[in-house]
>>> print(open('coords.tsv').read())   # TSV, C-alpha atoms and all ligand atoms
chain	number	residue	atom	x	y	z
A	1	MET	CA	71.62	-13.24	-8.71
A	2	LYS	CA	70.25	-15.76	-11.16
A	3	PHE	CA	73.25	-18.14	-10.65
A	4	GLY	CA	72.56	-18.13	-6.92
A	5	ILE	CA	68.95	-19.14	-7.58
A	6	ILE	CA	70.01	-21.90	-9.97
A	7	THR	CA	72.42	-23.36	-7.43
A	8	LEU	CA	69.76	-23.17	-4.76
A	9	GLU	CA	67.11	-24.70	-7.00
A	10	ALA	CA	69.52	-27.36	-8.28
A	11	SER	CA	70.38	-28.38	-4.75
A	12	GLU	CA	66.67	-28.73	-4.10
A	13	GLY	CA	66.15	-30.70	-7.35
A	14	ARG	CA	63.81	-28.04	-8.76
A	15	ILE	CA	65.85	-26.63	-11.64
A	16	SER	CA	63.68	-25.62	-14.58
A	17	PHE	CA	64.50	-25.67	-18.29
A	18	PHE	CA	63.47	-22.01	-18.60
A	19	ASN	CA	65.71	-20.93	-15.74
A	20	MET	CA	68.65	-22.80	-17.25
A	21	GLU	CA	68.17	-21.01	-20.55
A	22	ILE	CA	68.01	-17.58	-18.91
A	23	SER	CA	71.02	-18.40	-16.76
A	24	TYR	CA	73.05	-19.73	-19.69
A	25	TYR	CA	72.27	-16.53	-21.55
A	26	ASN	CA	73.28	-14.42	-18.53
A	27	LEU	CA	76.49	-16.42	-18.16
A	28	LYS	CA	77.39	-15.67	-21.78
A	29	ILE	CA	76.71	-11.96	-21.26
A	30	ALA	CA	78.77	-11.95	-18.07
A	31	ILE	CA	81.75	-13.67	-19.74
A	32	PHE	CA	81.48	-11.37	-22.73
A	33	SER	CA	81.35	-8.29	-20.46
A	34	PHE	CA	84.36	-9.49	-18.47
A	35	ALA	CA	86.27	-10.10	-21.70
A	36	ILE	CA	85.42	-6.60	-22.96
A	37	ILE	CA	86.40	-4.98	-19.65
A	38	PHE	CA	89.62	-7.00	-19.60
A	39	VAL	CA	90.54	-6.06	-23.16
A	40	LEU	CA	89.59	-2.38	-22.62
A	41	ARG	CA	91.60	-2.21	-19.41
A	42	TRP	CA	94.71	-3.67	-21.02
A	43	THR	CA	94.30	-1.54	-24.12
A	44	TRP	CA	94.10	1.55	-21.91
A	45	ARG	CA	97.09	0.41	-19.85
A	46	ILE	CA	99.21	-0.18	-22.95
A	47	LEU	CA	98.12	3.09	-24.58
A	48	ASN	CA	98.79	4.94	-21.34
A	49	TYR	CA	102.24	3.32	-21.01
A	50	VAL	CA	103.37	3.89	-24.58
A	51	TRP	CA	101.73	7.24	-25.31
A	52	PHE	CA	99.52	9.18	-22.85
A	53	LYS	CA	101.79	8.99	-19.79
A	54	PRO	CA	105.00	9.85	-21.70
A	55	LYS	CA	103.25	12.82	-23.39
A	56	LYS	CA	101.89	14.03	-20.04
A	57	LEU	CA	105.35	13.76	-18.44
A	58	GLU	CA	106.89	15.54	-21.43
A	59	LYS	CA	104.47	18.44	-21.01
A	60	GLN	CA	105.20	18.68	-17.29
A	61	LEU	CA	108.97	18.70	-17.88
A	62	ARG	CA	108.77	21.30	-20.67
A	63	GLN	CA	106.60	23.55	-18.48
A	64	GLN	CA	109.56	23.69	-16.10
A	65	GLY	CA	111.98	24.83	-18.78
A	66	LEU	CA	113.57	21.44	-19.45
A	67	LYS	CA	114.35	20.67	-23.08
A	68	GLY	CA	114.70	17.47	-25.07
A	69	ASN	CA	113.48	15.65	-28.17
A	70	SER	CA	109.75	15.10	-28.66
A	71	TYR	CA	108.64	11.66	-27.53
A	72	LYS	CA	108.72	8.97	-30.23
A	73	LEU	CA	106.33	6.06	-29.75
A	74	LEU	CA	107.69	3.32	-27.47
A	75	TYR	CA	111.38	3.71	-28.40
A	76	GLY	CA	111.84	7.36	-27.39
A	77	ASP	CA	115.49	8.16	-28.09
A	78	MET	CA	116.68	4.55	-27.79
A	79	LYS	CA	117.08	3.83	-31.51
A	80	GLU	CA	119.21	6.93	-32.09
A	81	MET	CA	121.10	6.30	-28.86
A	82	LYS	CA	121.98	2.75	-29.93
A	83	MET	CA	123.07	3.87	-33.41
A	84	MET	CA	125.23	6.67	-32.02
A	85	ILE	CA	126.94	4.36	-29.51
A	86	GLU	CA	127.64	1.81	-32.24
A	87	GLU	CA	129.08	4.54	-34.46
A	88	ALA	CA	131.14	6.12	-31.65
A	89	THR	CA	132.60	2.81	-30.47
A	90	SER	CA	133.42	1.59	-33.98
A	91	LYS	CA	136.84	3.24	-33.90
A	92	PRO	CA	139.38	4.35	-31.27
A	93	ILE	CA	139.88	8.02	-30.36
A	94	ASN	CA	142.97	10.19	-29.93
A	95	PHE	CA	144.81	9.60	-26.70
A	96	SER	CA	143.18	12.50	-24.90
A	97	HIS	CA	140.80	12.50	-21.97
A	98	ASP	CA	138.26	15.02	-23.25
A	99	LEU	CA	136.75	12.69	-25.84
A	100	ILE	CA	135.75	9.94	-23.39
A	101	TRP	CA	132.28	11.25	-22.57
A	102	PRO	CA	131.23	11.85	-26.21
A	103	ARG	CA	132.48	8.33	-27.01
A	104	ILE	CA	130.65	6.45	-24.27
A	105	ASN	CA	127.55	8.64	-24.14
A	106	PRO	CA	127.31	10.31	-27.56
A	107	PHE	CA	123.56	10.82	-27.42
A	108	ILE	CA	123.51	12.69	-24.10
A	109	HIS	CA	126.52	14.68	-25.32
A	110	LYS	CA	124.55	15.70	-28.43
A	111	THR	CA	121.46	16.49	-26.35
A	112	ILE	CA	123.48	18.81	-24.09
A	113	THR	CA	125.04	20.48	-27.15
A	114	ASN	CA	121.57	21.04	-28.66
A	115	TYR	CA	119.54	21.93	-25.58
A	116	GLY	CA	121.98	22.82	-22.77
A	117	LYS	CA	122.39	21.01	-19.45
A	118	ASN	CA	118.74	21.48	-18.41
A	119	CYS	CA	117.65	18.64	-20.60
A	120	PHE	CA	116.03	15.23	-20.70
A	121	VAL	CA	116.36	12.13	-22.88
A	122	TRP	CA	113.89	9.31	-23.57
A	123	ILE	CA	114.81	5.89	-22.22
A	124	GLY	CA	112.03	4.17	-24.13
A	125	PRO	CA	108.73	5.64	-22.89
A	126	LYS	CA	110.37	7.09	-19.76
A	127	PRO	CA	111.94	10.54	-19.72
A	128	ALA	CA	115.26	10.81	-17.85
A	129	VAL	CA	116.27	14.25	-16.57
A	130	LEU	CA	119.98	15.06	-16.54
A	131	ILE	CA	121.26	16.24	-13.15
A	132	THR	CA	124.71	17.83	-13.04
A	133	GLU	CA	124.40	20.39	-10.25
A	134	PRO	CA	126.41	19.21	-7.19
A	135	LYS	CA	123.76	20.53	-4.74
A	136	LEU	CA	121.03	18.46	-6.43
A	137	ILE	CA	123.28	15.39	-6.76
A	138	ARG	CA	123.88	15.54	-3.00
A	139	GLU	CA	120.12	15.74	-2.38
A	140	VAL	CA	119.24	12.81	-4.66
A	141	LEU	CA	121.97	10.54	-3.30
A	142	THR	CA	121.14	11.42	0.32
A	143	LYS	CA	117.41	10.75	0.05
A	144	ASN	CA	117.67	7.10	-0.91
A	145	TYR	CA	114.20	6.38	0.43
A	146	VAL	CA	112.74	8.89	-2.05
A	147	TYR	CA	114.87	8.23	-5.14
A	148	HIS	CA	115.06	4.52	-5.82
A	149	LYS	CA	117.40	2.89	-8.28
A	150	ALA	CA	116.02	2.98	-11.81
A	151	ARG	CA	115.07	-0.52	-12.87
A	152	GLY	CA	116.80	-1.40	-16.12
A	153	SER	CA	116.29	-4.19	-18.62
A	154	PRO	CA	115.41	-7.74	-17.44
A	155	LEU	CA	119.04	-8.69	-18.29
A	156	LEU	CA	120.35	-6.00	-15.96
A	157	LYS	CA	117.96	-7.20	-13.25
A	158	LEU	CA	119.49	-10.67	-13.51
A	159	ALA	CA	123.01	-9.24	-13.33
A	160	ILE	CA	122.37	-6.89	-10.40
A	161	SER	CA	120.86	-8.60	-7.41
A	162	GLY	CA	121.24	-8.70	-3.63
A	163	LEU	CA	122.10	-5.53	-1.72
A	164	ALA	CA	122.57	-3.44	-4.85
A	165	ALA	CA	119.01	-4.24	-5.95
A	166	HIS	CA	117.14	-3.97	-2.63
A	167	GLU	CA	115.17	-0.88	-1.58
A	168	LYS	CA	113.88	0.71	1.63
A	169	ASP	CA	113.90	-1.37	4.84
A	170	LYS	CA	115.16	-4.55	3.19
A	171	TRP	CA	118.15	-2.62	1.86
A	172	ALA	CA	118.78	-0.93	5.27
A	173	THR	CA	118.83	-4.29	7.09
A	174	HIS	CA	121.16	-5.95	4.58
A	175	ARG	CA	123.45	-2.92	4.47
A	176	ARG	CA	123.71	-2.81	8.29
A	177	ILE	CA	124.71	-6.49	8.37
A	178	LEU	CA	127.28	-6.18	5.56
A	179	ASN	CA	128.90	-2.81	6.45
A	180	PRO	CA	131.45	-4.03	9.03
A	181	ALA	CA	132.81	-6.65	6.65
A	182	PHE	CA	133.89	-3.89	4.26
A	183	HIS	CA	135.15	-1.36	6.78
A	184	PHE	CA	138.89	-0.64	6.62
A	185	ASP	CA	139.54	2.31	8.90
A	186	LYS	CA	143.23	2.42	8.27
A	187	LEU	CA	143.13	2.68	4.49
A	188	LYS	CA	144.47	5.82	2.83
A	189	VAL	CA	143.10	6.86	-0.52
A	190	THR	CA	145.82	7.22	-3.10
A	191	MET	CA	145.73	10.28	-5.23
A	192	ILE	CA	146.68	8.39	-8.38
A	193	LEU	CA	143.72	6.03	-8.14
A	194	ASN	CA	141.42	8.95	-7.35
A	195	GLU	CA	142.60	10.82	-10.41
A	196	VAL	CA	142.05	7.70	-12.52
A	197	LEU	CA	138.54	7.35	-11.08
A	198	ARG	CA	137.87	11.03	-11.74
A	199	LEU	CA	138.89	10.98	-15.40
A	200	TYR	CA	137.88	7.40	-16.20
A	201	THR	CA	134.84	6.97	-13.95
A	202	SER	CA	133.74	3.35	-14.36
A	203	VAL	CA	130.14	4.03	-13.29
A	204	TYR	CA	129.93	7.16	-15.43
A	205	ALA	CA	126.26	7.90	-14.66
A	206	ILE	CA	123.97	6.90	-11.78
A	207	ASN	CA	120.24	6.49	-12.39
A	208	ARG	CA	117.43	7.14	-9.98
A	209	MET	CA	113.65	6.87	-10.28
A	210	VAL	CA	111.03	9.39	-9.14
A	211	ASN	CA	108.06	7.41	-7.81
A	212	THR	CA	105.97	10.21	-6.30
A	213	GLU	CA	105.85	13.89	-7.25
A	214	THR	CA	109.00	15.32	-5.70
A	215	LYS	CA	110.58	18.75	-5.45
A	216	LEU	CA	114.25	18.87	-6.37
A	217	GLY	CA	115.79	22.35	-6.30
A	218	ASP	CA	113.57	24.47	-8.57
A	219	LEU	CA	112.17	21.42	-10.34
A	220	CYS	CA	108.91	19.70	-9.51
A	221	LEU	CA	109.48	16.17	-10.77
A	222	PRO	CA	106.37	14.14	-11.65
A	223	SER	CA	106.20	10.43	-10.80
A	224	GLY	CA	107.59	8.22	-13.59
A	225	VAL	CA	110.59	10.42	-14.44
A	226	GLN	CA	114.12	9.07	-14.23
A	227	LEU	CA	117.18	11.05	-13.14
A	228	ILE	CA	120.63	10.68	-14.64
A	229	LEU	CA	123.33	11.88	-12.26
A	230	ALA	CA	126.04	12.42	-14.83
A	231	THR	CA	129.07	11.50	-12.71
A	232	MET	CA	131.64	11.74	-15.47
A	233	LEU	CA	130.36	15.10	-16.73
A	234	VAL	CA	130.72	16.53	-13.22
A	235	HIS	CA	134.18	14.93	-12.86
A	236	HIS	CA	135.28	16.64	-16.09
A	237	ASP	CA	133.67	20.03	-15.51
A	238	THR	CA	136.20	22.85	-15.90
A	239	GLU	CA	134.03	25.17	-13.81
A	240	ILE	CA	134.50	22.79	-10.89
A	241	TRP	CA	138.04	21.46	-11.42
A	242	GLY	CA	139.64	24.37	-13.24
A	243	ASP	CA	141.09	24.72	-16.73
A	244	ASP	CA	143.28	21.68	-16.18
A	245	ALA	CA	140.20	19.44	-15.60
A	246	MET	CA	141.14	17.23	-18.54
A	247	GLU	CA	144.77	16.83	-17.45
A	248	PHE	CA	145.87	13.76	-15.50
A	249	MET	CA	147.04	15.51	-12.31
A	250	PRO	CA	146.97	13.25	-9.24
A	251	GLU	CA	148.43	16.15	-7.16
A	252	ARG	CA	144.99	17.72	-7.03
A	253	PHE	CA	144.15	15.04	-4.46
A	254	SER	CA	147.37	15.50	-2.44
A	255	GLU	CA	145.47	16.99	0.50
A	256	GLY	CA	142.60	14.54	0.33
A	257	ILE	CA	139.24	14.46	-1.42
A	258	SER	CA	137.40	17.10	0.60
A	259	LYS	CA	140.15	19.69	-0.04
A	260	ALA	CA	140.14	18.88	-3.76
A	261	THR	CA	136.35	19.11	-3.95
A	262	LYS	CA	135.91	21.98	-1.49
A	263	GLY	CA	133.38	19.82	0.36
A	264	GLN	CA	130.97	19.60	-2.59
A	265	VAL	CA	129.57	16.39	-4.09
A	266	VAL	CA	131.64	16.70	-7.27
A	267	PHE	CA	133.73	13.53	-6.94
A	268	PHE	CA	131.60	10.43	-6.48
A	269	PRO	CA	133.00	7.48	-8.47
A	270	PHE	CA	131.54	5.15	-5.84
A	271	SER	CA	128.28	7.15	-5.58
A	272	TRP	CA	127.57	9.11	-2.37
A	273	GLY	CA	125.27	9.15	0.68
A	274	PRO	CA	123.71	6.13	2.34
A	275	ARG	CA	123.92	3.97	-0.80
A	276	ILE	CA	127.60	4.64	-1.47
A	277	CYS	CA	129.43	1.57	-2.85
A	278	ILE	CA	129.89	-0.82	0.03
A	279	GLY	CA	132.98	-2.27	-1.64
A	280	GLN	CA	134.87	0.99	-2.25
A	281	ASN	CA	137.61	0.41	0.33
A	282	PHE	CA	137.95	-3.17	-0.79
A	283	ALA	CA	138.17	-2.10	-4.45
A	284	MET	CA	140.80	0.55	-3.64
A	285	LEU	CA	142.81	-1.93	-1.56
A	286	GLU	CA	142.63	-4.53	-4.31
A	287	ALA	CA	143.79	-2.02	-6.94
A	288	LYS	CA	146.65	-0.86	-4.71
A	289	MET	CA	147.74	-4.43	-3.96
A	290	ALA	CA	147.76	-5.27	-7.67
A	291	MET	CA	149.82	-2.13	-8.44
A	292	VAL	CA	152.31	-2.85	-5.64
A	293	MET	CA	152.78	-6.46	-6.73
A	294	ILE	CA	153.40	-5.44	-10.34
A	295	LEU	CA	155.71	-2.52	-9.46
A	296	LYS	CA	157.77	-4.77	-7.15
A	297	HIS	CA	158.88	-6.85	-10.13
A	298	TYR	CA	158.28	-4.80	-13.26
A	299	ALA	CA	158.39	-1.37	-14.81
A	300	PHE	CA	155.81	-0.94	-17.53
A	301	GLU	CA	154.87	1.37	-20.35
A	302	LEU	CA	152.00	1.55	-22.76
A	303	SER	CA	152.47	-0.52	-25.90
A	304	PRO	CA	152.33	1.28	-29.26
A	305	SER	CA	149.64	-1.25	-30.23
A	306	TYR	CA	147.28	0.24	-27.62
A	307	ALA	CA	144.26	1.96	-29.18
A	308	HIS	CA	142.49	4.48	-26.96
A	309	ALA	CA	138.87	3.32	-26.90
A	310	PRO	CA	137.04	3.68	-23.57
A	311	HIS	CA	133.93	1.57	-23.95
A	312	PRO	CA	130.52	2.02	-22.30
A	313	LEU	CA	128.73	-0.18	-19.81
A	314	LEU	CA	131.16	0.02	-16.95
A	315	LEU	CA	133.96	1.90	-18.66
A	316	GLN	CA	136.61	-0.43	-20.03
A	317	PRO	CA	139.30	-0.46	-22.75
A	318	GLN	CA	137.47	-1.78	-25.80
A	319	TYR	CA	140.52	-3.50	-27.30
A	320	GLY	CA	142.29	-4.24	-24.01
A	321	ALA	CA	145.21	-2.33	-22.47
A	322	GLN	CA	148.43	-3.68	-23.96
A	323	LEU	CA	151.54	-2.95	-21.85
A	324	ILE	CA	155.22	-3.58	-22.34
A	325	MET	CA	156.62	-5.01	-19.12
A	326	HIS	CA	160.32	-4.67	-18.16
A	327	LYS	CA	161.52	-7.12	-15.51
A	328	LEU	CA	163.41	-5.28	-12.73
A	401	LIG	C1	136.43	0.42	-8.83
A	401	LIG	C2	135.51	-0.43	-8.38
A	401	LIG	C3	134.10	-0.06	-8.04
A	401	LIG	C4	133.38	1.05	-8.43
A	401	LIG	C5	133.80	2.24	-9.30
A	401	LIG	C6	132.06	0.93	-7.82
A	401	LIG	C7	131.04	1.85	-7.96
A	401	LIG	C8	129.79	1.73	-7.38
A	401	LIG	C9	128.72	2.70	-7.52
A	401	LIG	C10	128.78	3.99	-8.33
A	401	LIG	C11	127.66	2.24	-6.82
A	401	LIG	C12	126.28	2.92	-6.69
A	401	LIG	C13	125.36	2.45	-7.80
A	401	LIG	C14	123.97	3.04	-7.65
A	401	LIG	O1	123.61	3.48	-6.58
A	401	LIG	O2	123.23	3.02	-8.64
A	401	LIG	C15	128.04	0.98	-6.23
A	401	LIG	C16	127.21	0.22	-5.42
A	401	LIG	C17	127.59	-1.00	-4.89
A	401	LIG	N1	128.82	-1.62	-5.01
A	401	LIG	FE1	130.42	-0.91	-5.98
A	401	LIG	N2	132.01	-0.25	-7.11
A	401	LIG	C18	133.24	-0.87	-7.20
A	401	LIG	C19	133.61	-2.05	-6.61
A	401	LIG	C20	132.83	-2.82	-5.80
A	401	LIG	C21	133.25	-4.03	-5.14
A	401	LIG	C22	134.67	-4.61	-5.20
A	401	LIG	C23	132.17	-4.51	-4.46
A	401	LIG	C24	132.02	-5.73	-3.61
A	401	LIG	C25	132.97	-6.58	-3.31
A	401	LIG	C26	131.07	-3.60	-4.71
A	401	LIG	C27	129.79	-3.76	-4.21
A	401	LIG	C28	128.77	-2.83	-4.34
A	401	LIG	C29	127.43	-3.00	-3.78
A	401	LIG	C30	126.92	-4.21	-2.99
A	401	LIG	C31	126.70	-1.84	-4.10
A	401	LIG	C32	125.25	-1.51	-3.73
A	401	LIG	C33	125.27	-0.77	-2.38
A	401	LIG	C34	123.87	-0.35	-1.92
A	401	LIG	O3	122.99	-0.21	-2.78
A	401	LIG	O4	123.71	-0.13	-0.73
A	401	LIG	N3	131.49	-2.58	-5.52
A	401	LIG	N4	129.33	0.69	-6.58
>>> encode(input="coords.tsv", output="structure tokens")
Amino acid sequence: MKFGIITLEASEGRISFFNMEISYYNLKIAIFSFAIIFVLRWTWRILNYVWFKPKKLEKQLRQQGLKGNSYKLLYGDMKEMKMMIEEATSKPINFSHDLIWPRINPFIHKTITNYGKNCFVWIGPKPAVLITEPKLIREVLTKNYVYHKARGSPLLKLAISGLAAHEKDKWATHRRILNPAFHFDKLKVTMILNEVLRLYTSVYAINRMVNTETKLGDLCLPSGVQLILATMLVHHDTEIWGDDAMEFMPERFSEGISKATKGQVVFFPFSWGPRICIGQNFAMLEAKMAMVMILKHYAFELSPSYAHAPHPLLLQPQYGAQLIMHKL
């Protein structure tokens, strides 16, 4: 190349004015070409991210019979989703359990009403397919090396770190080290807490990412699609739990979880499979201890000032849970 010659000539003290001019000109062309390639590459990447890839994924999902809104540039369904959540959480609901899902996830509720359960929603430029079939939920949660956790906003990344954020071998190593610390063989699951976790599932949906084309049941999922395992929807499904699905009936767990679920993956408040919540026994023990300590000294009832308002992002009472305590 010319620059090579210049260096060589310069080192030998034979650099000519003409050569310098040609080389300076070539340098300018090279920088200009690099700049153009750089700009074109980034323009293509951005266009691909915000438009071409989402449209391609949309086509692939529709070809498989999945339904959802048409993609809207960059935001997808997020604007409507945000507005609907704000509207739904602006006031409490009647004290019934069947309005929880529409309150915390009004957009997905509307999408299912419009398109049926074989649907997808747009989380920005990424389509997320709703998965409610127990067989498929079992498959996704078992194959944790195939379906990775969906990466959320940068804020969420800061909040969720360590074991919960690791993938593949790093996750397996950390999980192996931590497992024994959380293992309580002797713990019995209480049916009351299970029924609370069924109706008021704190992690009401679990997200997974499809990173390579993957077959799931009859679907062929292209890379770049998200999956929403709609835990709460499955927990409330009358076809699974019977007509009394929306009743608070702890007795349904009197013979244990597998009897109540007939061995299907239809009750998974702590997720399921290899990535099941490592702290589930600890959380259950903690909840039981707190209940026992309160019940030892107090009877309690719900205060009339309580407003029923389950709130999204880890289900919680929006205005608190006011109780009237009676000292025993
Ligand atoms: C009622 C209380 C709790 C509920 C409902 C719950 C639920 C869950 C769920 C659904 C997941 C799976 C999330 C996913 O895969 O996307 C999870 C994972 C996890 N939970 Fe919990 N959790 C609870 C309490 C706890 C506690 C008390 C701890 C620790 C002291 C804990 C530590 C973890 C960790 C480290 C993971 C990630 C496990 C892995 O990826 O291998 N959780 N939890």
>>> residues_around(input="coords.tsv", residues="A:Asn105", least_positions_apart="3", cutoff="12 Å", atoms="only C-alpha atoms", output="ChimeraX atom specification")
/A:80-89,99-102,108-112,121,204-205,228,230-233,310-315
>>> closest_residue(input="coords.tsv", among="A:Glu301, A:Glu167, A:Glu133, A:Asp218", to="ligand LIG 401 (chain A)", atoms="all atoms listed in the file")
A:Glu167
>>> residues_near_ligand(input="coords.tsv", ligand="ligand LIG 401 (chain A)", cutoff="6 Å", atoms="only C-alpha atoms and all ligand atoms", output="PyMOL selection string")
chain A and resi 149+163-164+175+202-203+206-207+269-271+275-280+282-283
>>> atom_distance(input="coords.tsv", atom1="atom CA of A:Ile104", atom2="atom CA of A:Met289")
28.7 Å
>>> residues_around(input="coords.tsv", residues="A:Asp98", least_positions_apart="5", cutoff="12 Å", atoms="only C-alpha atoms", output="PyMOL selection string")
chain A and resi 93+103-104+109+199-200+232-233+235-238+244-248+308+310
>>> atom_distance(input="coords.tsv", atom1="atom CA of A:Ile37", atom2="atom CA of A:Tyr49")
17.9 Å
>>> residues_around(input="coords.tsv", residues="A:Leu302", least_positions_apart="6", cutoff="10 Å", atoms="all atoms listed in the file", output="ChimeraX atom specification")
/A:321-325
>>> atom_distance(input="coords.tsv", atom1="atom CA of A:Glu213", atom2="atom CA of A:Glu139")
15.2 Å
>>> closest_residue(input="coords.tsv", among="A:Ile137, A:Leu216, A:Lys288, A:Gly242", to="A:Gln264", atoms="all atoms listed in the file")
A:Ile137
>>> residues_near_point(input="coords.tsv", point="(113.3, 22.9, -12.4)", cutoff="8 Å", atoms="all atoms listed in the file", output="PyMOL selection string")
chain A and resi 64-66+216-221
>>> write_last_selection(input="coords.tsv", atoms="C-alpha atoms", output="JSON list (two decimals), in the frame of the given file")
[["chain", "number", "residue", "atom", "x", "y", "z"],
["A", 64, "GLN", "CA", 109.56, 23.69, -16.10],
["A", 65, "GLY", "CA", 111.98, 24.83, -18.78],
["A", 66, "LEU", "CA", 113.57, 21.44, -19.45],
["A", 216, "LEU", "CA", 114.25, 18.87, -6.37],
["A", 217, "GLY", "CA", 115.79, 22.35, -6.30],
["A", 218, "ASP", "CA", 113.57, 24.47, -8.57],
["A", 219, "LEU", "CA", 112.17, 21.42, -10.34],
["A", 220, "CYS", "CA", 108.91, 19.70, -9.51],
["A", 221, "LEU", "CA", 109.48, 16.17, -10.77]]
>>> residues_around(input="coords.tsv", residues="A:Trp51", least_positions_apart="3", cutoff="8 Å", atoms="all atoms listed in the file", output="count of residues only")
7
>>> residues_near_point(input="coords.tsv", point="(143.6, 15.5, -7.2)", cutoff="12 Å", atoms="only C-alpha atoms", output="PyMOL selection string")
chain A and resi 189-199+235+241-242+244-262+267
>>> write_last_selection(input="coords.tsv", atoms="C-alpha atoms", output="compact mmCIF listing (two decimals), in the frame of the given file")
# COMPACT_ATOMS: atom_id res chain seq x y z
CA VAL A 189 143.10 6.86 -0.52
CA THR A 190 145.82 7.22 -3.10
CA MET A 191 145.73 10.28 -5.23
CA ILE A 192 146.68 8.39 -8.38
CA LEU A 193 143.72 6.03 -8.14
CA ASN A 194 141.42 8.95 -7.35
CA GLU A 195 142.60 10.82 -10.41
CA VAL A 196 142.05 7.70 -12.52
CA LEU A 197 138.54 7.35 -11.08
CA ARG A 198 137.87 11.03 -11.74
CA LEU A 199 138.89 10.98 -15.40
CA HIS A 235 134.18 14.93 -12.86
CA TRP A 241 138.04 21.46 -11.42
CA GLY A 242 139.64 24.37 -13.24
CA ASP A 244 143.28 21.68 -16.18
CA ALA A 245 140.20 19.44 -15.60
CA MET A 246 141.14 17.23 -18.54
CA GLU A 247 144.77 16.83 -17.45
CA PHE A 248 145.87 13.76 -15.50
CA MET A 249 147.04 15.51 -12.31
CA PRO A 250 146.97 13.25 -9.24
CA GLU A 251 148.43 16.15 -7.16
CA ARG A 252 144.99 17.72 -7.03
CA PHE A 253 144.15 15.04 -4.46
CA SER A 254 147.37 15.50 -2.44
CA GLU A 255 145.47 16.99 0.50
CA GLY A 256 142.60 14.54 0.33
CA ILE A 257 139.24 14.46 -1.42
CA SER A 258 137.40 17.10 0.60
CA LYS A 259 140.15 19.69 -0.04
CA ALA A 260 140.14 18.88 -3.76
CA THR A 261 136.35 19.11 -3.95
CA LYS A 262 135.91 21.98 -1.49
CA PHE A 267 133.73 13.53 -6.94
>>> closest_residue(input="coords.tsv", among="A:Lys79, A:Lys72, A:Arg41, A:Lys67", to="A:Cys119", atoms="all atoms listed in the file")
A:Lys67
>>> build_atoms(input="coords.tsv", residues="stretch 267-278 of chain A", atoms="N, CA and C atoms", output="CSV table (one decimal), keeping the file's coordinate frame")
chain,number,residue,atom,x,y,z
A,267,PHE,N,132.9,14.7,-6.7
A,267,PHE,CA,133.7,13.5,-6.9
A,267,PHE,C,133.0,12.3,-6.3
A,268,PHE,N,132.4,11.5,-7.1
A,268,PHE,CA,131.6,10.4,-6.5
A,268,PHE,C,131.6,9.2,-7.4
A,269,PRO,N,132.9,8.7,-7.6
A,269,PRO,CA,133.0,7.5,-8.5
A,269,PRO,C,132.3,6.3,-7.8
A,270,PHE,N,132.2,6.3,-6.5
A,270,PHE,CA,131.5,5.2,-5.8
A,270,PHE,C,130.1,5.6,-5.4
A,271,SER,N,129.5,6.5,-6.0
A,271,SER,CA,128.3,7.2,-5.6
A,271,SER,C,128.5,8.0,-4.3
A,272,TRP,N,127.5,8.2,-3.5
A,272,TRP,CA,127.6,9.1,-2.4
A,272,TRP,C,126.4,8.8,-1.5
A,273,GLY,N,126.4,9.3,-0.2
A,273,GLY,CA,125.3,9.2,0.7
A,273,GLY,C,125.1,7.7,1.2
A,274,PRO,N,123.9,7.4,1.7
A,274,PRO,CA,123.7,6.1,2.3
A,274,PRO,C,124.0,4.9,1.4
A,275,ARG,N,123.8,5.1,0.1
A,275,ARG,CA,123.9,4.0,-0.8
A,275,ARG,C,125.3,4.0,-1.5
A,276,ILE,N,126.2,4.6,-0.9
A,276,ILE,CA,127.6,4.6,-1.5
A,276,ILE,C,128.1,3.2,-1.6
A,277,CYS,N,128.9,2.9,-2.6
A,277,CYS,CA,129.4,1.6,-2.8
A,277,CYS,C,130.0,1.0,-1.6
A,278,ILE,N,129.4,-0.2,-1.2
A,278,ILE,CA,129.9,-0.8,0.0
A,278,ILE,C,131.3,-1.4,-0.1
